[in-house]
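Enquirer: This is the structure I want to talk about, given as structure tokens.
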Amino acid sequence: MSTPALKGPYWVTARQYRRTLWVVAGAVALSLAVIGGLRIRDARTPDVHLADGSWAPADESHGYEALRLAMEYTGTALLLLPLLVGAFVAGPLIAREFETGTYRLSLTQSVRPAAWLRAKVLTAGGVAVAATLALLGVYRLGWSRVSGTYLFGWGDRGTYEGTGIVLVGYVLAAVAVGALIGQLVRRTLLAMSVTGLVMGLVMFVLGSLRWSLLGVETVTGPVGRDAAPLSPSGYWLMMDTGMLDAHGNRLPEWTCFARTQNLTDCPPDLGITGQYLDYHPRSHFWPTQLAETGILLALAALALFAAFRVLRARHP
């Protein structure tokens with residue numbers, strides 16, 4: 001891949017890993033070809049319009065089912081992307097230079113240590129962000145067809161990361177964490193493993209806490225044999241539901257079902273006066289994305305600061 005606009009250590013980095021750049025470009029092109037091709041195939045089979053005004057894919061729409069399956073795999077791949085980026089930066093990009101001693105060659109070519117690391121980080125970060133944005137565009141191309149169906153709600157794992165900006169934050173954090181761990185470990189395979197483990201832990205923790213970043217909204221309703229389960233209007237993500245007693249205490253959802261085999265038909269002796277539902281409306285999607293991305297950018301900044309401090313301490 002030609003890199004005429006790059007100079008000095010940036011050009012050296014891009015030249016050294018030109019095969020990786022081609023692999024990245026090929027992966028983006030392949031994903032676009034697969035998802036785009038399946039969208040075209042699916043479009044050849046008209047949808048069935050139902051009496052209530054909704055639609056459903058025709059029974060013979062194998063293109064739609066293939067698209068759904070491909071989107072499941074694509075969502076999983078997006079979740080793995082920060083781990084792959086971090087492992088590459090920590091291992092082949094940074095740790096291998098120390099393990100083989102080739103970094104000394106760069107430092108003898110009138111390149112200061114900070115400039116050497118800056119070129120590595122900025123080149124890797126630029127390519128990773130560009131590839132991530134391209135993959136997000138491909139994901140949206142397929143998601144626009146399957147959105148709202150099982151596994152593809154706006155709050156589902158994979159869809160949440162693939163339709164917002166938070167994945168860019170994860171990728172930038174992975175680059176920074178990889179640069180730090182690559183210097184600390186200085187063994188290619190070990191640095192890759194440690195970085196993958198750290199980024200996996202970061203994704204697990206933030207994924208578990210993201211819906212606690214904003215307060216939930218709550219709706220309540222009556223109970224009784226004919227009472228329906230609570231369902232707010234619009235698109236929403238359920239966080240908790242259950243029963244309320246006269247004192248406002250929350251009880252498990254199945255409190256009445258154990259006695260009456262009906263979720264909302266409650267015996268009088270239980271003192272159940274209503275039911276509640278905690279949820280996030282669709283309007284919480286972007287505030288949550290921005291808050292989580294902000295946390296990731298702060299983590300990336302801290303990791304980069306630590307990486308340059310470590311480099312300065314070892315190579316003043």
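We name chains A, B, ... following the order of the structure tokens; residues begin at 1 in each chain, and ligands are numbered from 1 as shown.
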Within 12 Å of Val194 in chain A, counting only C-alpha atoms, which residues qualify if same-chain residues fewer than 2 places away don't, as a PDB file with N, CA and C atoms, in the first residue's frame?

Expert:
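In the end it all went to result.pdb:
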```
ATOM      1  N   LEU A  83      -9.893  -6.087  21.042  1.00  0.00           N
ATOM      2  CA  LEU A  83      -8.924  -7.063  21.522  1.00  0.00           C
ATOM      3  C   LEU A  83      -7.845  -7.314  20.476  1.00  0.00           C
ATOM      4  N   LEU A  84      -8.257  -7.415  19.208  1.00  0.00           N
ATOM      5  CA  LEU A  84      -7.300  -7.652  18.131  1.00  0.00           C
ATOM      6  C   LEU A  84      -6.382  -6.450  17.938  1.00  0.00           C
ATOM      7  N   GLY A  86      -5.599  -4.087  20.165  1.00  0.00           N
ATOM      8  CA  GLY A  86      -4.694  -3.975  21.307  1.00  0.00           C
ATOM      9  C   GLY A  86      -3.594  -5.019  21.271  1.00  0.00           C
ATOM     10  N   ALA A  87      -3.941  -6.246  20.906  1.00  0.00           N
ATOM     11  CA  ALA A  87      -2.946  -7.319  20.842  1.00  0.00           C
ATOM     12  C   ALA A  87      -1.901  -7.026  19.773  1.00  0.00           C
ATOM     13  N   PHE A  88      -2.337  -6.490  18.630  1.00  0.00           N
ATOM     14  CA  PHE A  88      -1.374  -6.188  17.564  1.00  0.00           C
ATOM     15  C   PHE A  88      -0.422  -5.064  17.987  1.00  0.00           C
ATOM     16  N   VAL A  89      -0.964  -4.009  18.579  1.00  0.00           N
ATOM     17  CA  VAL A  89      -0.114  -2.897  19.002  1.00  0.00           C
ATOM     18  C   VAL A  89       0.870  -3.349  20.071  1.00  0.00           C
ATOM     19  N   ALA A  90       0.395  -4.112  21.041  1.00  0.00           N
ATOM     20  CA  ALA A  90       1.259  -4.552  22.133  1.00  0.00           C
ATOM     21  C   ALA A  90       2.324  -5.523  21.655  1.00  0.00           C
ATOM     22  N   GLY A  91       1.949  -6.429  20.748  1.00  0.00           N
ATOM     23  CA  GLY A  91       2.877  -7.476  20.325  1.00  0.00           C
ATOM     24  C   GLY A  91       3.745  -7.092  19.153  1.00  0.00           C
ATOM     25  N   ALA A  95       6.211  -4.645  21.398  1.00  0.00           N
ATOM     26  CA  ALA A  95       7.022  -5.610  22.144  1.00  0.00           C
ATOM     27  C   ALA A  95       8.056  -6.305  21.268  1.00  0.00           C
ATOM     28  N   ALA A 174      -7.612   0.589  23.207  1.00  0.00           N
ATOM     29  CA  ALA A 174      -6.811  -0.599  22.929  1.00  0.00           C
ATOM     30  C   ALA A 174      -5.428  -0.224  22.409  1.00  0.00           C
ATOM     31  N   VAL A 177      -3.477   1.200  25.513  1.00  0.00           N
ATOM     32  CA  VAL A 177      -3.150   0.127  26.464  1.00  0.00           C
ATOM     33  C   VAL A 177      -2.102  -0.805  25.861  1.00  0.00           C
ATOM     34  N   GLY A 178      -2.230  -1.102  24.566  1.00  0.00           N
ATOM     35  CA  GLY A 178      -1.245  -1.949  23.909  1.00  0.00           C
ATOM     36  C   GLY A 178       0.135  -1.323  23.909  1.00  0.00           C
ATOM     37  N   ALA A 179       0.204   0.003  23.679  1.00  0.00           N
ATOM     38  CA  ALA A 179       1.498   0.688  23.694  1.00  0.00           C
ATOM     39  C   ALA A 179       2.146   0.623  25.068  1.00  0.00           C
ATOM     40  N   LEU A 180       1.349   0.716  26.105  1.00  0.00           N
ATOM     41  CA  LEU A 180       1.882   0.646  27.466  1.00  0.00           C
ATOM     42  C   LEU A 180       2.333  -0.770  27.818  1.00  0.00           C
ATOM     43  N   ILE A 181       1.474  -1.735  27.596  1.00  0.00           N
ATOM     44  CA  ILE A 181       1.798  -3.116  27.971  1.00  0.00           C
ATOM     45  C   ILE A 181       2.942  -3.654  27.118  1.00  0.00           C
ATOM     46  N   GLY A 182       2.998  -3.267  25.836  1.00  0.00           N
ATOM     47  CA  GLY A 182       4.092  -3.714  24.995  1.00  0.00           C
ATOM     48  C   GLY A 182       5.447  -3.303  25.538  1.00  0.00           C
ATOM     49  N   GLN A 183       5.527  -2.099  26.119  1.00  0.00           N
ATOM     50  CA  GLN A 183       6.787  -1.636  26.710  1.00  0.00           C
ATOM     51  C   GLN A 183       7.087  -2.321  28.035  1.00  0.00           C
ATOM     52  N   LEU A 184       6.042  -2.564  28.815  1.00  0.00           N
ATOM     53  CA  LEU A 184       6.250  -3.169  30.126  1.00  0.00           C
ATOM     54  C   LEU A 184       6.627  -4.640  30.027  1.00  0.00           C
ATOM     55  N   VAL A 185       6.013  -5.367  29.106  1.00  0.00           N
ATOM     56  CA  VAL A 185       6.225  -6.812  28.997  1.00  0.00           C
ATOM     57  C   VAL A 185       7.414  -7.136  28.090  1.00  0.00           C
ATOM     58  N   ARG A 186       7.468  -6.526  26.919  1.00  0.00           N
ATOM     59  CA  ARG A 186       8.580  -6.681  25.976  1.00  0.00           C
ATOM     60  C   ARG A 186       8.753  -8.110  25.461  1.00  0.00           C
ATOM     61  N   ARG A 187       7.716  -8.895  25.503  1.00  0.00           N
ATOM     62  CA  ARG A 187       7.703 -10.226  24.911  1.00  0.00           C
ATOM     63  C   ARG A 187       6.450 -10.305  24.056  1.00  0.00           C
ATOM     64  N   THR A 188       6.619 -10.616  22.775  1.00  0.00           N
ATOM     65  CA  THR A 188       5.528 -10.459  21.808  1.00  0.00           C
ATOM     66  C   THR A 188       4.264 -11.199  22.211  1.00  0.00           C
ATOM     67  N   LEU A 189       4.359 -12.508  22.373  1.00  0.00           N
ATOM     68  CA  LEU A 189       3.160 -13.307  22.652  1.00  0.00           C
ATOM     69  C   LEU A 189       2.574 -12.980  24.013  1.00  0.00           C
ATOM     70  N   LEU A 190       3.435 -12.784  24.993  1.00  0.00           N
ATOM     71  CA  LEU A 190       2.934 -12.463  26.334  1.00  0.00           C
ATOM     72  C   LEU A 190       2.250 -11.102  26.339  1.00  0.00           C
ATOM     73  N   ALA A 191       2.838 -10.124  25.638  1.00  0.00           N
ATOM     74  CA  ALA A 191       2.226  -8.792  25.582  1.00  0.00           C
ATOM     75  C   ALA A 191       0.869  -8.855  24.897  1.00  0.00           C
ATOM     76  N   MET A 192       0.766  -9.648  23.828  1.00  0.00           N
ATOM     77  CA  MET A 192      -0.512  -9.794  23.136  1.00  0.00           C
ATOM     78  C   MET A 192      -1.555 -10.409  24.062  1.00  0.00           C
ATOM     79  N   GLY A 196      -4.895  -8.447  25.419  1.00  0.00           N
ATOM     80  CA  GLY A 196      -6.213  -8.999  25.124  1.00  0.00           C
ATOM     81  C   GLY A 196      -7.018  -9.233  26.392  1.00  0.00           C
ATOM     82  N   LEU A 197      -6.339  -9.715  27.444  1.00  0.00           N
ATOM     83  CA  LEU A 197      -7.016  -9.954  28.724  1.00  0.00           C
ATOM     84  C   LEU A 197      -7.484  -8.643  29.347  1.00  0.00           C
ATOM     85  N   VAL A 198      -6.621  -7.627  29.319  1.00  0.00           N
ATOM     86  CA  VAL A 198      -6.977  -6.336  29.911  1.00  0.00           C
ATOM     87  C   VAL A 198      -8.139  -5.697  29.162  1.00  0.00           C
ATOM     88  N   MET A 199      -8.083  -5.689  27.837  1.00  0.00           N
ATOM     89  CA  MET A 199      -9.162  -5.079  27.070  1.00  0.00           C
ATOM     90  C   MET A 199     -10.458  -5.867  27.202  1.00  0.00           C
ATOM     91  N   GLY A 200     -10.342  -7.191  27.293  1.00  0.00           N
ATOM     92  CA  GLY A 200     -11.540  -7.991  27.535  1.00  0.00           C
ATOM     93  C   GLY A 200     -12.182  -7.646  28.863  1.00  0.00           C
ATOM     94  N   LEU A 201     -11.348  -7.424  29.879  1.00  0.00           N
ATOM     95  CA  LEU A 201     -11.861  -7.038  31.196  1.00  0.00           C
ATOM     96  C   LEU A 201     -12.508  -5.654  31.144  1.00  0.00           C
TER      97      LEU A 201
END
```

Enquirer: Just the strand (DSSP E or B) stuff from range 31-262 of chain A, please, per backbone DSSP, written as a list in words.

Expert: Val48, His49, Trp55, Ala56, Glu217, Thr218, Val219, Thr220, Gly221, Trp236, Leu237, Met238, Met239, Asp240, Thr241, Gly242, Met243, Leu244, Asp245, Arg250 and Leu251 of chain A

Enquirer: Emit the selected residues as an mmCIF file, in the first residue's frame, including C-alpha atoms.

Expert:
```cif
data_model
loop_
_atom_site.group_PDB
_atom_site.id
_atom_site.type_symbol
_atom_site.label_atom_id
_atom_site.label_comp_id
_atom_site.auth_asym_id
_atom_site.auth_seq_id
_atom_site.Cartn_x
_atom_site.Cartn_y
_atom_site.Cartn_z
ATOM 1 C CA VAL A 48 -45.239 -9.842 3.112
ATOM 2 C CA HIS A 49 -47.364 -6.982 4.469
ATOM 3 C CA TRP A 55 -44.231 -6.576 7.500
ATOM 4 C CA ALA A 56 -42.495 -9.927 7.574
ATOM 5 C CA GLU A 217 -37.318 5.765 34.000
ATOM 6 C CA THR A 218 -40.114 3.985 35.853
ATOM 7 C CA VAL A 219 -43.747 3.273 35.043
ATOM 8 C CA THR A 220 -46.260 1.714 37.415
ATOM 9 C CA GLY A 221 -49.636 0.095 36.903
ATOM 10 C CA TRP A 236 -37.227 0.741 25.293
ATOM 11 C CA LEU A 237 -34.815 -1.498 27.182
ATOM 12 C CA MET A 238 -36.136 -3.215 30.309
ATOM 13 C CA MET A 239 -33.878 -3.106 33.361
ATOM 14 C CA ASP A 240 -36.118 -4.405 36.159
ATOM 15 C CA THR A 241 -39.739 -5.267 36.824
ATOM 16 C CA GLY A 242 -41.727 -6.540 39.759
ATOM 17 C CA MET A 243 -44.515 -5.905 42.263
ATOM 18 C CA LEU A 244 -45.201 -3.096 44.743
ATOM 19 C CA ASP A 245 -46.813 -3.416 48.161
ATOM 20 C CA ARG A 250 -40.430 -3.792 45.616
ATOM 21 C CA LEU A 251 -41.097 -7.506 45.376
#
```

Enquirer: By how many Å are CA of Val138 in chain A and CA of Leu151 in chain A apart?

Expert: 17.5 Å

Enquirer: Given only C-alpha atoms as the basis, pick out the residue of A:Leu213, A:Leu302, A:Val205, A:Ala227 nearest to Pro287 in chain A.

Expert: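 Closest to Pro287 in chain A, using only C-alpha atoms: A:Leu213.
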
Enquirer: Where in range 90-248 of chain A does DSSP assign helix (DSSP H, G or I), given as a PyMOL selection string?

Expert: chain A and resi 90-100+103-107+113-146+159-162+166-185+188-212

Enquirer: Mind giving me the straight-line distance from CA of Leu136 in chain A to CA of Tyr150 in chain A in Å, one decimal?

Expert: 19.7 Å

Enquirer: I'd like the interatomic distance between CA of Tyr103 in chain A and CA of Leu172 in chain A, to a tenth of an Å.

Expert: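 Pair CA of Tyr103 in chain A / CA of Leu172 in chain A returns 23.1 Å.
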
Enquirer: With only C-alpha atoms as the atoms that count, which of A:Gly224, A:Asp278, A:Asp265, A:Ile165 lies nearest to Leu297 in chain A?

Expert: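 Smallest distance to Leu297 in chain A is found for A:Ile165.
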
Enquirer: Between A:Leu135, A:Leu230, A:Leu209, A:Leu69, single out the one closest to Phe152 in chain A, counting only C-alpha atoms.

Expert: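 Between A:Leu135, A:Leu230, A:Leu209, A:Leu69, the residue approaching Phe152 in chain A most closely is A:Leu69.
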
Enquirer: Within 12 Å of Gly148 in chain A, counting only C-alpha atoms, which residues show up once you throw out same-chain ones fewer than 6 positions away? Write them as a compact mmCIF listing (two decimals) with C-alpha atoms, in the first residue's frame, please.

Expert:
```
# COMPACT_ATOMS: atom_id res chain seq x y z
CA ARG A 68 -29.44 -12.17 9.86
CA TRP A 154 -30.68 -0.94 19.98
CA GLY A 155 -29.48 -2.02 23.42
CA ASP A 156 -28.26 -5.52 22.52
CA THR A 159 -25.80 -3.76 17.96
CA TYR A 160 -25.08 -1.20 20.67
CA GLY A 234 -41.79 3.50 21.77
CA TYR A 235 -38.55 1.52 21.84
CA TRP A 236 -37.23 0.74 25.29
CA LEU A 237 -34.82 -1.50 27.18
CA ARG A 282 -34.45 4.90 23.12
```

Enquirer: For Arg225 in chain A, please output as a ChimeraX atom specification all residues within 10 Å (counting only C-alpha atoms; exclusion window: fewer than 2 positions along the same chain).

Expert: /A:223,227-228,260,262-266

Enquirer: Pick out the closest residue to Met71 in chain A from this set: A:Ala27, A:Leu141, A:Leu93, A:Val129. Count only C-alpha atoms.

Expert: A:Leu141

Enquirer: Identify, on the basis of only C-alpha atoms, every residue whose closest approach to Gly26 in chain A does not exceed 12 Å; exclude the query and any residue fewer than 4 positions from it along the same chain; express the result as a PyMOL selection string.

Expert: chain A and resi 1+19-22+30-33+131+134-135

Enquirer: Take the residues that were just selected and, keeping C-alpha atoms, output them as a short mmCIF file (atom, residue, chain, number, x, y, z; two decimals), in the first residue's frame.

Expert:
```
data_model
loop_
_atom_site.label_atom_id
_atom_site.label_comp_id
_atom_site.auth_asym_id
_atom_site.auth_seq_id
_atom_site.Cartn_x
_atom_site.Cartn_y
_atom_site.Cartn_z
CA MET A 1 0.00 0.00 0.00
CA ARG A 19 1.04 -6.28 4.70
CA THR A 20 -1.06 -5.68 7.77
CA LEU A 21 -2.53 -2.60 6.09
CA TRP A 22 -3.48 -4.69 3.10
CA LEU A 30 -14.76 -8.46 2.17
CA SER A 31 -17.25 -7.45 4.84
CA LEU A 32 -18.75 -4.85 2.51
CA ALA A 33 -19.01 -7.39 -0.31
CA ALA A 131 -11.06 0.74 9.64
CA ALA A 134 -15.67 1.69 7.73
CA LEU A 135 -16.80 -1.47 9.53
#
```

Enquirer: What's around Thr123 in chain A at 12 Å? Count only C-alpha atoms, leave out sequence neighbours fewer than 5 positions away in its own chain, and write the answer as a PyMOL selection string.

Expert: chain A and resi 3+6-18+21+89+93+115-118+128-130+172+175
